[in-house]
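run_21.txt follows; it contains compact mmCIF, C-alpha atoms.
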```
# COMPACT_ATOMS: atom_id res chain seq x y z
CA MET A 289 -7.52 -44.51 -85.37
CA ARG A 290 -8.58 -43.90 -88.96
CA GLY A 291 -6.32 -40.83 -89.14
CA LEU A 292 -3.37 -42.91 -87.92
CA LEU A 293 -4.08 -45.61 -90.52
CA VAL A 294 -4.21 -43.01 -93.27
CA ALA A 295 -0.88 -41.58 -92.13
CA VAL A 296 0.75 -45.04 -92.11
CA VAL A 297 -0.55 -45.94 -95.57
CA LEU A 298 0.49 -42.64 -97.12
CA ALA A 299 3.91 -42.70 -95.45
CA ALA A 300 4.53 -46.20 -96.79
CA ALA A 301 3.54 -45.04 -100.26
CA ALA A 302 5.97 -42.15 -100.02
CA CYS A 303 8.88 -44.53 -99.49
CA SER A 304 8.33 -46.16 -102.86
CA GLN A 305 8.60 -43.05 -104.96
CA ARG A 306 10.87 -40.03 -104.89
CA PRO A 307 8.96 -36.74 -104.55
CA ARG A 308 9.05 -34.40 -107.51
CA ASN A 309 8.04 -31.39 -105.43
CA VAL A 310 8.66 -30.27 -101.90
CA PHE A 311 5.73 -29.38 -99.66
CA THR A 312 6.88 -27.82 -96.42
CA VAL A 313 4.88 -27.76 -93.21
CA GLY A 314 6.57 -25.33 -90.89
CA LEU A 315 6.55 -23.02 -87.93
CA LEU A 316 7.69 -19.42 -88.01
CA GLY A 317 10.22 -18.47 -85.35
CA PRO A 318 11.33 -17.37 -82.93
CA VAL A 319 9.99 -20.16 -80.72
CA SER A 320 10.94 -21.50 -77.32
CA LEU A 321 13.32 -24.42 -76.85
CA ARG A 322 10.56 -26.78 -75.83
CA MET A 323 8.46 -25.67 -78.80
CA THR A 324 11.46 -26.39 -81.01
CA ALA A 325 11.64 -29.89 -79.58
CA GLU A 326 7.93 -30.47 -80.13
CA ALA A 327 8.13 -29.11 -83.67
CA GLY A 328 10.92 -31.58 -84.42
CA ARG A 329 8.81 -34.44 -83.11
CA LEU A 330 5.97 -33.42 -85.43
CA GLY A 331 8.26 -33.01 -88.44
CA LEU A 332 7.82 -29.24 -88.64
CA THR A 333 10.41 -27.01 -90.26
CA ILE A 334 11.27 -23.90 -88.23
CA ALA A 335 12.17 -20.76 -90.16
CA ASP A 336 12.35 -17.02 -89.52
CA HIS A 337 10.65 -16.27 -92.84
CA ALA A 338 8.28 -18.31 -94.99
CA PRO A 339 9.88 -19.20 -98.34
CA GLN A 340 8.38 -17.78 -101.51
CA GLY A 341 5.40 -19.79 -102.68
CA THR A 342 4.34 -20.89 -99.21
CA ALA A 343 1.42 -19.59 -97.15
CA VAL A 344 1.47 -18.20 -93.63
CA VAL A 345 -1.46 -19.09 -91.38
CA LEU A 346 -1.97 -17.56 -87.95
CA ALA A 347 -2.74 -20.31 -85.44
CA ALA A 348 -5.26 -19.96 -82.59
CA THR A 349 -7.29 -17.20 -84.24
CA PRO A 350 -10.85 -18.52 -84.76
CA LEU A 351 -12.91 -17.18 -87.65
CA LYS A 352 -16.67 -16.83 -88.00
CA ASN A 353 -18.59 -19.03 -90.41
CA GLY A 354 -21.32 -17.91 -92.79
CA SER A 355 -23.88 -17.97 -89.96
CA GLY A 356 -21.78 -15.66 -87.81
CA GLU A 357 -20.81 -18.45 -85.41
CA VAL A 358 -17.24 -18.58 -84.11
CA MET A 359 -15.48 -21.64 -85.50
CA SER A 360 -13.31 -23.88 -83.35
CA ASP A 361 -9.54 -23.48 -83.49
CA CYS A 362 -9.22 -26.75 -85.37
CA ALA A 363 -11.94 -25.92 -87.93
CA THR A 364 -10.39 -22.51 -88.54
CA LEU A 365 -6.91 -23.90 -89.02
CA ARG A 366 -8.14 -26.72 -91.29
CA PHE A 367 -9.97 -24.20 -93.45
CA LEU A 368 -7.08 -21.75 -93.76
CA THR A 369 -4.46 -24.40 -94.53
CA ALA A 370 -6.72 -26.29 -96.94
CA ARG A 371 -7.64 -23.10 -98.80
CA ALA A 372 -3.94 -22.27 -99.16
CA ILE A 373 -3.28 -25.71 -100.66
CA ALA A 374 -6.29 -25.45 -102.99
CA GLU A 375 -4.87 -22.14 -104.20
CA GLY A 376 -1.55 -23.80 -105.05
CA SER A 377 0.69 -23.00 -102.08
CA GLU A 378 3.90 -25.04 -101.98
CA GLY A 379 3.83 -25.24 -98.19
CA VAL A 380 2.16 -23.90 -95.08
CA PHE A 381 3.86 -22.15 -92.17
CA LEU A 382 2.06 -21.56 -88.90
CA ARG A 383 2.62 -18.30 -87.08
CA LEU A 384 2.01 -18.74 -83.39
CA PRO A 385 0.19 -16.00 -81.43
CA PRO A 386 2.22 -13.87 -79.03
CA THR A 387 2.67 -15.34 -75.55
CA SER A 388 4.33 -14.16 -72.39
CA ALA A 389 7.92 -14.89 -71.47
CA ASP A 390 6.72 -17.54 -69.03
CA ASN A 391 4.67 -19.67 -71.41
CA ASP A 392 4.03 -20.59 -75.02
CA LEU A 393 1.29 -22.27 -77.04
CA LEU A 394 2.07 -25.62 -75.41
CA ASP A 395 0.54 -24.18 -72.23
CA TYR A 396 -2.79 -23.70 -74.04
CA THR A 397 -3.94 -27.29 -74.43
CA GLU A 398 -6.96 -26.77 -76.68
CA GLU A 399 -5.19 -24.47 -79.12
CA TRP A 400 -2.09 -26.66 -79.33
CA GLN A 401 -4.15 -29.83 -79.82
CA ALA A 402 -5.93 -28.14 -82.71
CA ALA A 403 -2.63 -27.13 -84.30
CA THR A 404 -1.19 -30.61 -83.77
CA ARG A 405 -4.17 -32.30 -85.39
CA VAL A 406 -4.00 -30.14 -88.49
CA VAL A 407 -0.22 -30.52 -88.76
CA ARG A 408 -0.60 -34.30 -88.68
CA GLU A 409 -3.20 -34.15 -91.43
CA LEU A 410 -0.90 -32.05 -93.60
CA THR A 411 2.12 -34.28 -93.05
CA SER A 412 -0.05 -37.32 -93.82
CA MET A 413 -1.00 -35.77 -97.17
CA ARG A 414 2.57 -34.73 -97.96
CA PRO A 415 3.33 -37.80 -100.15
CA ILE A 416 0.45 -36.84 -102.42
CA LEU A 417 1.21 -33.12 -102.42
CA GLU A 418 4.83 -33.87 -103.32
CA GLY A 419 4.55 -36.93 -105.55
CA GLY A 420 1.06 -36.74 -107.04
CA ASP A 421 0.20 -35.62 -110.54
CA LEU A 422 -2.16 -32.67 -110.74
CA ALA A 423 -5.49 -33.69 -112.22
CA ALA A 424 -8.91 -32.27 -112.94
CA VAL A 425 -11.81 -32.72 -110.54
CA PRO A 426 -14.01 -35.20 -112.45
CA PHE A 427 -17.31 -33.43 -111.79
CA ALA A 428 -18.78 -29.94 -111.79
CA VAL A 429 -17.90 -27.86 -108.74
CA PRO A 430 -19.98 -24.79 -107.83
CA GLU A 431 -18.34 -21.39 -107.94
CA GLY A 432 -17.13 -20.61 -104.45
CA ILE A 433 -15.71 -24.06 -103.77
CA GLU A 434 -11.96 -23.94 -104.27
CA HIS A 435 -10.53 -27.27 -105.33
CA ARG A 436 -7.47 -29.23 -106.29
CA ALA A 437 -6.99 -32.83 -107.41
CA TRP A 438 -4.12 -35.26 -107.82
CA THR A 439 -3.57 -38.82 -108.97
CA PHE A 440 -1.20 -40.85 -106.84
CA HIS A 441 -0.47 -44.58 -106.91
CA GLY A 442 -3.51 -45.33 -109.00
CA ARG A 443 -6.02 -43.29 -107.01
CA ARG A 444 -7.49 -39.83 -107.36
CA TYR A 445 -7.38 -37.48 -104.38
CA LEU A 446 -9.54 -34.38 -104.13
CA LEU A 447 -9.56 -31.32 -101.92
CA LEU A 448 -12.76 -29.26 -101.78
CA VAL A 449 -12.94 -26.05 -99.73
CA ASN A 450 -16.00 -23.83 -99.44
CA ALA A 451 -14.45 -20.36 -99.37
CA SER A 452 -17.81 -18.59 -99.70
CA ASP A 453 -20.22 -17.32 -97.04
CA ALA A 454 -23.05 -19.66 -98.05
CA PRO A 455 -23.66 -23.42 -98.21
CA LEU A 456 -22.90 -24.72 -101.70
CA PRO A 457 -24.52 -27.81 -103.25
CA LEU A 458 -22.63 -30.95 -104.24
CA ASP A 459 -24.13 -33.90 -106.09
CA GLU A 460 -24.12 -36.88 -103.76
CA MET A 461 -23.60 -39.24 -106.70
CA ASP A 462 -20.36 -37.43 -107.54
CA LEU A 463 -19.04 -38.24 -104.07
CA THR A 464 -20.04 -41.91 -104.09
CA PRO A 465 -16.64 -43.23 -105.33
CA TYR A 466 -14.74 -41.36 -102.61
CA ARG A 467 -14.09 -41.76 -98.91
CA ALA A 468 -13.45 -38.84 -96.62
CA LEU A 469 -10.11 -38.60 -94.88
CA PHE A 470 -9.60 -37.17 -91.37
CA ALA A 471 -13.32 -37.28 -90.63
CA VAL A 472 -15.54 -39.16 -88.20
CA ARG A 473 -17.50 -40.62 -91.12
CA SER A 474 -15.75 -42.05 -94.16
CA ASP A 475 -18.83 -41.58 -96.36
CA ALA A 476 -18.30 -38.06 -97.68
CA ARG A 477 -22.02 -37.64 -98.36
CA GLN A 478 -22.73 -37.86 -94.64
CA LEU A 479 -20.52 -34.84 -94.03
CA LEU A 480 -22.75 -32.56 -96.08
CA GLY A 481 -25.52 -30.48 -94.58
CA THR A 482 -29.05 -30.04 -95.91
CA CYS A 483 -29.90 -26.85 -97.78
CA GLY A 484 -33.37 -27.01 -99.27
CA SER A 485 -33.65 -30.15 -101.39
CA ALA A 486 -29.88 -30.34 -101.94
CA ARG A 487 -26.91 -31.50 -99.89
CA CYS A 488 -24.34 -28.78 -99.34
CA LEU A 489 -20.82 -28.16 -98.10
CA ALA A 490 -21.02 -25.62 -95.31
CA PRO A 491 -19.11 -22.32 -95.40
CA ALA A 492 -15.47 -22.96 -94.47
CA GLY A 493 -16.13 -26.68 -94.93
CA VAL A 494 -13.21 -28.87 -96.02
CA LEU A 495 -13.28 -32.28 -97.68
CA TRP A 496 -10.14 -34.35 -98.26
CA LEU A 497 -11.26 -37.25 -100.45
CA GLU A 498 -9.62 -40.48 -101.58
CA GLY A 499 -10.98 -42.28 -104.64
CA ARG A 500 -11.11 -45.92 -105.59
CA LEU A 501 -8.47 -47.53 -107.77
CA LEU A 502 -8.69 -45.99 -111.21
CA PRO A 503 -9.93 -48.31 -113.99
CA GLU A 504 -6.70 -48.21 -115.98
CA ILE A 505 -4.77 -50.02 -113.25
CA LEU A 506 -7.39 -52.53 -112.16
CA PRO A 507 -6.50 -56.18 -112.99
```
Go ahead and render the structure in this file as C-alpha cells.
Amino acid sequence: MRGLLVAVVLAAAACSQRPRNVFTVGLLGPVSLRMTAEAGRLGLTIADHAPQGTAVVLAATPLKNGSGEVMSDCATLRFLTARAIAEGSEGVFLRLPPTSADNDLLDYTEEWQAATRVVRELTSMRPILEGGDLAAVPFAVPEGIEHRAWTFHGRRYLLLVNASDAPLPLDEMDLTPYRALFAVRSDARQLLGTCGSARCLAPAGVLWLEGRLLPEILP
C-alpha cells in the first residue's frame, strides 16, 4: 500500500513540472506479443538496442551477497538497477533470459513478480530522476557505498547502494530526517543490520530515501 501511495504522490508531482531529462525504463526485444502487451501496461519502452547512456540489466539472474548467500530475484534486480542509477545511467533496460518457443518470463511467476516490482519502483521515481536537481548527499558516506541525491519539490531524495562485499556503517542520526521508500519499514534506521557497535548497510543493500521539507521552503 505504501508503494502505491508513493507512486501516486510522485506521479501527481510530475504533472506539475515538465521534465528536464528523460529517464527510460525499458525492455530489450525481441519479446512475445503478450509480453509486449504487459510491457505497455507497465509503461516499459521496448527496444532492440539500449540507447547510449542507459544500462542493461539481466533479469532473473540472482547474485550472491557478501556472505555467499544467493540473493532473491527481486533483491538482485533492485541492486543492479539502483547501482546503475547511482552511477549516472540515464535509463535502465531489462534483458529477459532466454525461454522456449512455448513460454516466456510471464510463465515464471516469481521471476516476473520480481521484475514487475522493481519496474514499478523505477517508474515511481521517474519524476525525480527526470525533474530533480542533482545535489550532494548531506553527510559522509563510506567508500564502497555508491550514492546519488536530488532535490525535488522542496525535498531531498537520496539513493544509497552498498556495492562492496562487506557491511558498511552509516550514522543513524544522519538517517533520522529521512523515510525509506519501497520498504516494509519507513524508518530507514530499522533497515540497517548490526555490525559490531555500528549499524550497517548490508552488501548489495539499497536505500531509496525521502527527506523532510527543506528549511528554505517551510512557512
Scan for residues within 10 Å of the point (-0.2, -31.3, -93.1) in the coordinates of the file, using all atoms listed in the file, and reply as a ChimeraX atom specification. /A:311-314,331-332,366,369-370,373,379-380,404-414,417
Report, as JSON, the axis-aligned box around all atoms of range 458-466 of chain A present in the file, extended by 5 Å on each side; give centre and edge lengths in Å to one decimal place.
```
{"center_x": -19.4, "center_y": -37.1, "center_z": -105.1, "size_x": 19.4, "size_y": 22.3, "size_z": 14.9}
```
Sorted per-residue table, range 310-397 of chain A near range 423-434 of chain A, closest atoms and distance, 12 Å, only C-alpha atoms, as JSON lines:
```
{"residue": "A:Phe367", "atom": "CA", "partner": "A:Glu434", "partner_atom": "CA", "distance": 11.0}
{"residue": "A:Leu368", "atom": "CA", "partner": "A:Glu434", "partner_atom": "CA", "distance": 11.8}
{"residue": "A:Ala370", "atom": "CA", "partner": "A:Glu434", "partner_atom": "CA", "distance": 9.3}
{"residue": "A:Arg371", "atom": "CA", "partner": "A:Glu434", "partner_atom": "CA", "distance": 7.0}
{"residue": "A:Ala372", "atom": "CA", "partner": "A:Glu434", "partner_atom": "CA", "distance": 9.7}
{"residue": "A:Ile373", "atom": "CA", "partner": "A:Glu434", "partner_atom": "CA", "distance": 9.6}
{"residue": "A:Ala374", "atom": "CA", "partner": "A:Glu434", "partner_atom": "CA", "distance": 6.0}
{"residue": "A:Glu375", "atom": "CA", "partner": "A:Glu434", "partner_atom": "CA", "distance": 7.3}
{"residue": "A:Gly376", "atom": "CA", "partner": "A:Glu434", "partner_atom": "CA", "distance": 10.4}
```
Restricting to only C-alpha atoms, whichever of A:Pro339, A:Pro318, A:Gly493, A:Pro350 is closest to Asp392 in chain A is A:Pro318
Atom-to-atom span, CA of Ala335 in chain A and CA of Asn309 in chain A, Å: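 Computing the Euclidean distance for CA of Ala335 in chain A and CA of Asn309 in chain A yields 19.1 Å.
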Could you check how far CA of Val345 in chain A sits from CA of Arg383 in chain A, in Å to one decimal?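 About the pair CA of Val345 in chain A and CA of Arg383 in chain A: they are 6.0 Å apart.
Counting only C-alpha atoms, Trp438 in chain A has the following residues at most 6 Å away, ignoring those fewer than 3 positions along the same chain: Gly420, Asp421, Leu422, Ala423, Arg444 and Tyr445 of chain A.
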As an exercise, work out the distance from CA of His435 in chain A to CA of Val344 in chain A in Å and give it to one decimal place.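 Computing it gives 19.1 Å between the two atoms.
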Within 7 Å of Asn353 in chain A, counting all atoms listed in the file, which residues qualify if same-chain residues fewer than 6 places away don't, as a PDB file with C-alpha atoms, in the coordinates of the input?
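File produced: part-v3.pdb:
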```
ATOM      1  CA  MET A 359     -15.480 -21.640 -85.500  1.00  0.00           C
ATOM      2  CA  PRO A 491     -19.110 -22.320 -95.400  1.00  0.00           C
ATOM      3  CA  ALA A 492     -15.470 -22.960 -94.470  1.00  0.00           C
TER       4      ALA A 492
END
```
Looking at only C-alpha atoms, which of A:Ala363, A:Leu394, A:Leu315, A:Ala490 is the one that sits closest to Phe381 in chain A?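 Closest to Phe381 in chain A, using only C-alpha atoms: A:Leu315.
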Using all atoms listed in the file, find the one residue out of A:Thr464, A:Asp459, A:Glu498, A:Ala338 that sits nearest to Thr439 in chain A. A:Glu498
